[in-house]
Every structure is written in structure tokens, then in C-alpha cells.
>>> print(open('entry_23.txt').read())   # compact mmCIF, C-alpha atoms
# COMPACT_ATOMS: atom_id res chain seq x y z
CA ASP A 1 7.52 15.04 10.27
CA GLU A 2 7.41 13.20 13.61
CA ALA A 3 10.47 15.08 14.83
CA ASP A 4 8.69 18.43 14.40
CA ARG A 5 5.57 17.46 16.31
CA GLU A 6 4.90 19.18 19.61
CA LEU A 7 4.58 17.02 22.70
CA GLY A 8 1.05 16.74 24.03
CA VAL A 9 -0.54 17.53 20.66
CA SER A 10 -2.43 14.86 18.73
CA TYR A 11 -2.06 15.64 15.03
CA SER A 12 -4.54 14.95 12.27
CA ASP A 13 -3.54 12.92 9.22
CA ALA A 14 -6.70 13.88 7.36
CA VAL A 15 -6.28 14.57 3.63
CA TYR A 16 -8.58 16.54 1.37
CA ARG A 17 -8.52 16.44 -2.43
CA ILE A 18 -9.51 19.44 -4.50
CA ASP A 19 -10.66 18.87 -8.08
CA VAL A 20 -10.55 22.07 -10.14
CA THR A 21 -12.59 22.40 -13.34
CA VAL A 22 -11.66 25.16 -15.80
CA THR A 23 -14.28 26.25 -18.35
CA ASP A 24 -13.85 28.41 -21.45
CA ASP A 25 -16.97 30.48 -22.26
CA GLY A 26 -15.87 30.83 -25.88
CA ALA A 27 -15.73 34.61 -25.54
CA GLY A 28 -12.19 34.93 -24.27
CA LYS A 29 -12.84 34.26 -20.61
CA LEU A 30 -11.95 31.29 -18.43
CA SER A 31 -13.74 30.43 -15.22
CA ALA A 32 -12.71 27.97 -12.51
CA ALA A 33 -14.66 26.03 -9.90
CA TYR A 34 -13.57 23.35 -7.49
CA GLU A 35 -14.99 20.45 -5.51
CA MET A 36 -13.43 19.28 -2.25
CA LYS A 37 -13.47 15.68 -1.03
CA ASN A 38 -12.17 14.14 2.21
CA THR A 39 -9.99 11.23 1.02
CA TYR A 40 -8.24 10.19 4.25
CA ASP A 41 -9.62 10.32 7.78
CA THR A 42 -7.94 11.95 10.77
CA SER A 43 -5.93 8.78 11.43
CA GLY A 44 -4.58 8.55 7.89
CA LEU A 45 -6.84 5.70 6.77
CA PRO A 46 -8.27 5.94 3.22
CA ILE A 47 -11.98 6.65 2.88
CA ALA A 48 -13.48 4.23 0.36
CA ASP A 49 -16.19 6.64 -0.80
CA PRO A 50 -14.78 10.13 -0.15
CA PRO A 51 -17.58 12.55 0.80
CA VAL A 52 -17.95 15.88 -0.97
CA ILE A 53 -17.42 18.79 1.43
CA GLY A 54 -20.41 20.99 0.73
CA ASP A 55 -19.03 24.20 2.24
CA ASN A 56 -15.55 23.56 0.75
CA ILE A 57 -13.89 23.98 4.14
CA ALA A 58 -11.24 21.44 5.10
CA VAL A 59 -11.44 20.67 8.82
CA ILE A 60 -8.13 19.73 10.47
CA THR A 61 -8.61 18.90 14.15
CA ASN A 62 -5.82 18.79 16.72
CA GLN A 63 -6.14 17.89 20.37
CA TYR A 64 -3.91 18.79 23.27
CA HIS A 65 -3.50 16.17 25.99
CA LEU A 66 -0.62 15.89 28.41
CA ASP A 67 -1.83 12.56 29.80
CA SER A 68 -2.08 10.62 26.50
CA THR A 69 -0.77 10.44 22.95
CA LYS A 70 -1.63 8.56 19.79
CA ILE A 71 0.74 6.96 17.32
CA GLY A 72 0.32 4.38 14.58
CA PRO A 73 2.70 2.36 12.38
CA LEU A 74 2.84 3.62 8.78
CA GLY A 75 4.10 2.05 5.60
CA ASP A 76 4.01 1.96 1.82
CA LYS A 77 3.16 -0.62 -0.78
CA VAL A 78 5.80 -0.62 -3.53
CA TYR A 79 4.08 -2.24 -6.49
CA THR A 80 5.40 -3.21 -9.91
CA ASP A 81 2.82 -4.02 -12.57
CA ASN A 82 4.26 -6.02 -15.46
CA GLY A 83 0.82 -6.59 -16.97
CA ASP A 84 -2.43 -4.67 -16.85
CA ASN A 85 -3.30 -4.94 -13.17
CA GLY A 86 -2.64 -1.53 -11.65
CA LEU A 87 -2.62 -0.76 -7.95
CA THR A 88 -6.02 0.09 -6.48
CA MET A 89 -7.34 0.97 -3.03
CA GLY A 90 -7.75 -2.10 -0.82
CA MET A 91 -5.84 -4.35 -3.22
CA PHE A 92 -3.58 -5.67 -0.45
CA SER A 93 -4.27 -6.43 3.19
CA PHE A 94 -1.94 -6.03 6.17
CA LYS A 95 -2.16 -7.24 9.73
CA ILE A 96 -0.86 -6.21 13.13
CA LYS A 97 -0.73 -8.30 16.31
CA PRO A 98 0.18 -7.06 19.81
CA LEU A 99 2.85 -9.34 21.26
CA THR A 100 3.06 -7.65 24.66
CA ALA A 101 0.41 -8.50 27.24
CA ASN A 102 -2.20 -5.75 27.73
CA ALA A 103 -0.80 -3.70 24.84
CA PRO A 104 -3.17 -0.99 23.55
CA ILE A 105 -4.86 -1.96 20.29
CA PRO A 106 -5.26 0.07 17.07
CA THR A 107 -8.60 1.79 16.55
CA ASP A 108 -10.27 3.57 13.67
CA GLY A 109 -11.12 7.24 13.38
CA ALA A 110 -14.21 6.74 15.54
CA GLY A 111 -12.24 5.04 18.31
CA ASP A 112 -13.49 1.54 17.46
CA PRO A 113 -11.04 -1.39 17.05
CA LEU A 114 -9.90 -2.20 13.54
CA VAL A 115 -11.32 -5.30 11.84
CA GLN A 116 -10.10 -8.27 13.88
CA GLU A 117 -9.62 -11.93 13.02
CA GLY A 118 -8.02 -14.07 15.69
CA GLU A 119 -5.09 -12.20 17.22
CA TYR A 120 -4.66 -9.87 14.26
CA TYR A 121 -6.13 -6.48 13.37
CA TYR A 122 -6.36 -5.62 9.68
CA THR A 123 -6.02 -2.66 7.35
CA THR A 124 -5.58 -2.23 3.59
CA ASN A 125 -3.58 0.02 1.26
CA ALA A 126 -4.76 3.36 -0.05
CA GLY A 127 -4.89 4.10 -3.76
CA ASP A 128 -1.43 5.67 -3.62
CA GLY A 129 0.00 2.61 -1.86
CA SER A 130 0.23 4.17 1.61
CA ILE A 131 -0.56 1.99 4.61
CA ALA A 132 -1.82 3.13 8.02
CA PHE A 133 -2.71 1.06 11.06
CA ASP A 134 -4.59 3.99 12.48
CA GLN A 135 -3.59 5.37 15.84
CA ILE A 136 -2.91 3.52 19.06
CA GLU A 137 -3.50 5.51 22.23
CA PHE A 138 -0.94 5.42 25.03
CA THR A 139 -1.61 7.01 28.42
CA GLN A 140 0.18 7.72 31.69
CA GLN A 141 -0.43 4.16 32.84
CA HIS A 142 1.81 2.95 29.99
CA GLU A 143 4.74 5.16 31.00
CA GLY A 144 8.05 3.33 31.29
CA GLU A 145 6.84 0.36 29.24
CA THR A 146 7.73 -0.91 25.77
CA TYR A 147 5.05 -2.61 23.71
CA VAL A 148 5.86 -4.84 20.76
CA TYR A 149 3.67 -5.33 17.69
CA GLU A 150 4.17 -7.81 14.84
CA ILE A 151 3.25 -6.44 11.41
CA SER A 152 3.14 -8.23 8.07
CA GLU A 153 1.30 -8.49 4.79
CA ASP A 154 -1.68 -10.83 4.75
CA ILE A 155 -0.62 -13.22 1.98
CA PRO A 156 -2.56 -16.18 0.51
CA GLU A 157 -1.88 -19.59 2.07
CA ALA A 158 -0.80 -20.85 -1.35
CA ALA A 159 2.02 -18.26 -1.48
CA THR A 160 5.00 -20.12 0.01
CA ALA A 161 8.77 -20.10 -0.15
CA ASP A 162 8.58 -23.05 -2.57
CA ASN A 163 6.85 -20.93 -5.24
CA GLY A 164 8.63 -17.67 -4.43
CA TYR A 165 5.50 -16.40 -2.65
CA THR A 166 3.82 -16.10 -6.03
CA VAL A 167 0.18 -16.94 -6.78
CA ALA A 168 -1.64 -16.20 -10.06
CA GLY A 169 1.21 -13.99 -11.23
CA MET A 170 1.30 -11.93 -8.01
CA LYS A 171 4.49 -12.04 -5.95
CA TYR A 172 3.81 -11.25 -2.29
CA ASP A 173 6.13 -9.90 0.39
CA PRO A 174 6.72 -12.30 3.33
CA ARG A 175 8.74 -9.92 5.49
CA VAL A 176 7.73 -9.34 9.10
CA TYR A 177 8.29 -6.12 11.03
CA TYR A 178 8.51 -5.81 14.80
CA ALA A 179 7.46 -2.37 16.00
CA HIS A 180 8.68 -1.53 19.51
CA VAL A 181 6.73 1.36 21.03
CA SER A 182 8.41 2.94 24.06
CA VAL A 183 6.31 5.20 26.27
CA SER A 184 7.87 7.96 28.34
CA LYS A 185 7.18 11.41 29.73
CA GLU A 186 8.93 14.56 28.61
CA THR A 187 8.61 18.21 29.48
CA ALA A 188 6.18 20.13 27.29
CA ALA A 189 4.35 23.41 27.40
CA GLY A 190 1.97 23.12 30.33
CA GLY A 191 3.73 20.23 32.07
CA ALA A 192 5.00 16.70 31.50
CA ALA A 193 3.53 15.03 28.43
CA VAL A 194 3.23 11.38 27.46
CA LYS A 195 5.44 10.50 24.50
CA ALA A 196 5.42 7.32 22.39
CA THR A 197 8.27 6.42 20.05
CA ILE A 198 8.35 3.62 17.46
CA VAL A 199 11.56 1.73 16.74
CA TYR A 200 11.73 -1.31 14.45
CA ARG A 201 13.86 -4.27 15.55
CA GLU A 202 14.83 -7.65 14.09
CA SER A 203 12.63 -9.58 16.48
CA ALA A 204 10.25 -9.23 19.42
CA GLU A 205 13.16 -9.32 21.85
CA LEU A 206 13.63 -5.90 23.44
CA ASP A 207 17.42 -6.03 23.00
CA SER A 208 17.39 -7.26 19.40
CA ALA A 209 19.16 -5.22 16.74
CA ILE A 210 17.48 -2.09 15.40
CA VAL A 211 16.35 -2.29 11.77
CA ASP A 212 16.85 0.75 9.55
CA VAL A 213 13.39 1.77 8.32
CA PRO A 214 13.69 5.02 6.29
CA ASN A 215 11.35 7.73 7.60
CA ASN A 216 9.95 5.08 9.97
CA ARG A 217 7.72 3.81 7.17
CA MET A 218 7.61 0.07 6.55
CA LYS A 219 7.94 -1.10 2.95
CA PHE A 220 6.16 -4.06 1.40
CA GLU A 221 7.07 -4.91 -2.20
CA ASN A 222 4.86 -6.77 -4.65
CA SER A 223 5.02 -7.39 -8.36
CA TYR A 224 2.57 -8.74 -10.88
CA THR A 225 3.84 -10.70 -13.89
CA PRO A 226 1.27 -12.65 -15.90
CA ASP A 227 2.25 -15.78 -17.78
CA PRO A 228 3.04 -15.00 -21.43
CA ALA A 229 0.34 -15.72 -24.00
CA LYS A 230 1.24 -17.98 -26.92
CA LEU A 231 -0.44 -18.45 -30.26
CA GLU A 232 0.18 -22.14 -30.75
CA GLY A 233 -1.62 -25.37 -31.51
CA GLU A 234 -5.22 -24.68 -32.51
CA ASN A 235 -4.60 -20.96 -31.86
CA ALA A 236 -1.53 -20.69 -34.09
CA ILE A 237 -1.54 -18.09 -36.90
CA ARG A 238 -2.36 -19.96 -40.09
CA GLY A 239 -2.61 -19.26 -43.82
CA GLN A 240 -3.40 -20.95 -47.10
CA LYS A 241 -1.16 -20.75 -50.17
CA THR A 242 -2.84 -21.12 -53.57
CA LEU A 243 -0.92 -21.43 -56.85
CA SER A 244 -2.69 -21.58 -60.21
CA GLY A 245 -1.25 -22.93 -63.47
CA ARG A 246 1.30 -25.42 -62.16
CA ASP A 247 2.27 -27.55 -59.22
CA TRP A 248 4.73 -26.30 -56.65
CA SER A 249 7.57 -28.03 -54.87
CA ASN A 250 8.15 -28.15 -51.16
CA ASP A 251 9.81 -25.10 -49.60
CA GLU A 252 9.40 -23.13 -52.82
CA PHE A 253 7.76 -20.18 -51.08
CA GLU A 254 8.70 -18.33 -47.92
CA PHE A 255 6.44 -16.26 -45.65
CA ALA A 256 7.25 -13.60 -43.09
CA LEU A 257 5.53 -12.35 -39.94
CA THR A 258 6.42 -8.75 -39.12
CA ALA A 259 5.34 -6.26 -36.50
CA ALA A 260 2.78 -3.86 -38.00
CA ASN A 261 2.08 -1.62 -34.98
CA GLU A 262 3.59 -0.65 -31.64
CA ALA A 263 1.81 -3.43 -29.74
CA ALA A 264 3.26 -6.00 -32.13
CA VAL A 265 6.70 -4.41 -31.84
CA ASP A 266 6.53 -4.80 -28.08
CA GLY A 267 5.33 -8.38 -28.42
CA LEU A 268 8.08 -9.36 -30.83
CA ALA A 269 10.72 -7.34 -28.93
CA ALA A 270 11.99 -5.85 -32.24
CA ASP A 271 10.53 -4.82 -35.58
CA THR A 272 12.16 -7.63 -37.53
CA GLU A 273 10.97 -10.56 -39.61
CA VAL A 274 10.59 -13.87 -37.83
>>> encode(input="entry_23.txt", output="C-alpha cells")
Amino acid sequence: DEADRELGVSYSDAVYRIDVTVTDDGAGKLSAAYEMKNTYDTSGLPIADPPVIGDNIAVITNQYHLDSTKIGPLGDKVYTDNGDNGLTMGMFSFKIKPLTANAPIPTDGAGDPLVQEGEYYYTTNAGDGSIAFDQIEFTQQHEGETYVYEISEDIPEAATADNGYTVAGMKYDPRVYYAHVSVSKETAAGGAAVKATIVYRESAELDSAIVDVPNNRMKFENSYTPDPAKLEGENAIRGQKTLSGRDWSNDEFEFALTAANEAAVDGLAADTEV
């Protein structure tokens, strides 16, 4: 929790995953072993190919600096899958643009700038939907200033208000956030420490209204709804009626299509004849 963080301390957002395997030897004894992987780096960005930690020791590194601090906008992708297109790592892209002249830029865990295209810096969602723009470093020279950043989802050009921001069944989120980062100094153990605070506002104007962002985590909502499939025309369900011994008259026989398994029940909405 940001409120519980000590001034002057840079915290790690690294995450490690532990996979435990339990084995039964068939003689009444269970044994357990685990493998540790580093899934998020120190800045909270997902690692595409998490490395196995050979010595099974999770390393959490903190740094103490009175003359600088790091902070980065965070968010979550809220995704609704109405088909068979589940959320995966890197499925959506997000962009951040400094609007204030000489504003510090977001960097990755190694201190290098994030991927840049034009004025924007980019990141993607983690497998659990979390979003991190890494950490932006603010120093004593930034004290007393407020820096504004524009943040939004990177949506396809074809996704417009006219089509409800929907392309190929995917509905994108057009909202734009304005993160205002105010830099100050406050008393901490050892002296005065640089502090950076993020507040979200309705626009880039410094006096614009504050926007309520729960837990200071932006939310981008997407939903996927594929077009329904229809068995019609050449693909319609067909049959052939054969009657031996006499001719038949029109409409003499009736035929029914009923749901025979759960998938069909879902498709027909109810287990009834149609």
C-alpha cells in the first residue's frame, strides 16, 4: 500500500511464483518439491519468459535515497470474454505521454526508456490483467513541480465512436487518464526525502477536477463478443424423408430438432423442440 511506504525507500514490485509438485510413492508417503520463477520484475512489469530461480531464493531489493524517488502509474485490464478468446499476457497495449516540458520519462527495470513511438511510451498487460508503466524517477531538481502524463489504451484506428470502438468482436476502451505527479520534500529518517504523489484529474489543467480512481489504479474495460454462427443456406441442417408403399401428401410428416447435449442446450437457450 502506497500509504504504508516509508519515505526515501524505493520498493520492489518483483513477484515470484512457486509451483509445488506433490508425488505419492505408492507406499503411503507423499513428497513435495517446488520450482520458483520470477514472473514480474522489480518495477512490476511482467516477464515474458519467467526464469527459473536455481537456488530457490527470491531476491527483493530495496534502495534508500533521500534525494530521489520512483513511482509509476498502475492499472488493471477488466476483460469480459463472451467467446473463446481468453485474456493473455501482452494482449492489449497501453501508452503514456508526458505533457509537461522536461518531465521525467518511464524506464524499464534496467533503467532504459520503455518502447517509444512518437511522443508515446508503451507497455502491455500481464497475464492477470495488471498494467504497469514501470517507474519514473523524480529527484530534488523536480521539487515543487507537478508533471502531467496522458495515459490511454492503444486502440486500432478502425475502432471509432461510430462502431462503438469495436473491431472484429473486440470492444476497446477509449477513456483517457491524466496523471498529475506532484513532487515535494518531507521529513524522513535521516533527513528530508523527495516524495512523489499521483493524482488523477479530468484534464491536463492543474486545477481541473480530481477523478476518483480506486486504489489509484486505472481501469480499462474490454469485452469480446463474436458474431453468432448460423447454419443456413448451403450449411443448413438437411434431411431426406423416404416413404415406401404409397405416396404422401404435403405437410403429412413433422420433424423436430432438439438439444442432445449441454453445448446444444446452450446454443438453443433451452432444451425444447424447435
>>> residues_around(input="entry_23.txt", residues="Asp41 of chain A", least_positions_apart="2", cutoff="7 Å", atoms="all atoms listed in the file", output="MDAnalysis selection string")
chainID A and resid 13:15 39 43:47 109
>>> residues_around(input="entry_23.txt", residues="Thr23 of chain A", least_positions_apart="6", cutoff="9 Å", atoms="all atoms listed in the file", output="list in words")
Lys29, Leu30, Ser31, Ala32 and Ala33 of chain A
>>> atom_distance(input="entry_23.txt", atom1="atom CA of Ala158 of chain A", atom2="atom CA of Met170 of chain A")
11.3 Å
>>> residues_around(input="entry_23.txt", residues="segment 134-151 of chain A", least_positions_apart="4", cutoff="6 Å", atoms="all atoms listed in the file", output="list in words")
Ser43, Asp67, Ser68, Thr69, Lys70, Ile71, Gly72, Lys95, Ile96, Lys97, Pro98, Leu99, Thr100, Ile105, Pro106, Asp108, Val176, Tyr177, Tyr178, Ala179, His180, Val181, Ser182, Val183 and Ser184 of chain A
>>> write_last_selection(input="entry_23.txt", atoms="C-alpha atoms", output="tab-separated table (two decimals), in the frame of the given file")
chain	number	residue	atom	x	y	z
A	43	SER	CA	-5.93	8.78	11.43
A	67	ASP	CA	-1.83	12.56	29.80
A	68	SER	CA	-2.08	10.62	26.50
A	69	THR	CA	-0.77	10.44	22.95
A	70	LYS	CA	-1.63	8.56	19.79
A	71	ILE	CA	0.74	6.96	17.32
A	72	GLY	CA	0.32	4.38	14.58
A	95	LYS	CA	-2.16	-7.24	9.73
A	96	ILE	CA	-0.86	-6.21	13.13
A	97	LYS	CA	-0.73	-8.30	16.31
A	98	PRO	CA	0.18	-7.06	19.81
A	99	LEU	CA	2.85	-9.34	21.26
A	100	THR	CA	3.06	-7.65	24.66
A	105	ILE	CA	-4.86	-1.96	20.29
A	106	PRO	CA	-5.26	0.07	17.07
A	108	ASP	CA	-10.27	3.57	13.67
A	176	VAL	CA	7.73	-9.34	9.10
A	177	TYR	CA	8.29	-6.12	11.03
A	178	TYR	CA	8.51	-5.81	14.80
A	179	ALA	CA	7.46	-2.37	16.00
A	180	HIS	CA	8.68	-1.53	19.51
A	181	VAL	CA	6.73	1.36	21.03
A	182	SER	CA	8.41	2.94	24.06
A	183	VAL	CA	6.31	5.20	26.27
A	184	SER	CA	7.87	7.96	28.34
>>> atom_distance(input="entry_23.txt", atom1="atom CA of Tyr64 of chain A", atom2="atom CA of Arg17 of chain A")
26.2 Å
>>> residues_around(input="entry_23.txt", residues="segment 83-90 of chain A", least_positions_apart="4", cutoff="6 Å", atoms="all atoms listed in the file", output="PyMOL selection string")
chain A and resi 124-127+225
>>> residues_around(input="entry_23.txt", residues="Gly169 of chain A", least_positions_apart="4", cutoff="10 Å", atoms="all atoms listed in the file", output="list of chain:residue names")
A:Asn82, A:Gly83, A:Tyr165, A:Ser223, A:Tyr224, A:Thr225, A:Pro226, A:Asp227
>>> atom_distance(input="entry_23.txt", atom1="atom CA of Asp112 of chain A", atom2="atom CA of Ala132 of chain A")
15.1 Å
>>> axis_aligned_box(input="entry_23.txt", around="segment 210-227 of chain A", padding_each_side="4 Å", output="AutoDock Vina command-line options")
--center_x 9.4 --center_y -4.0 --center_z -1.2 --size_x 24.2 --size_y 31.5 --size_z 41.2
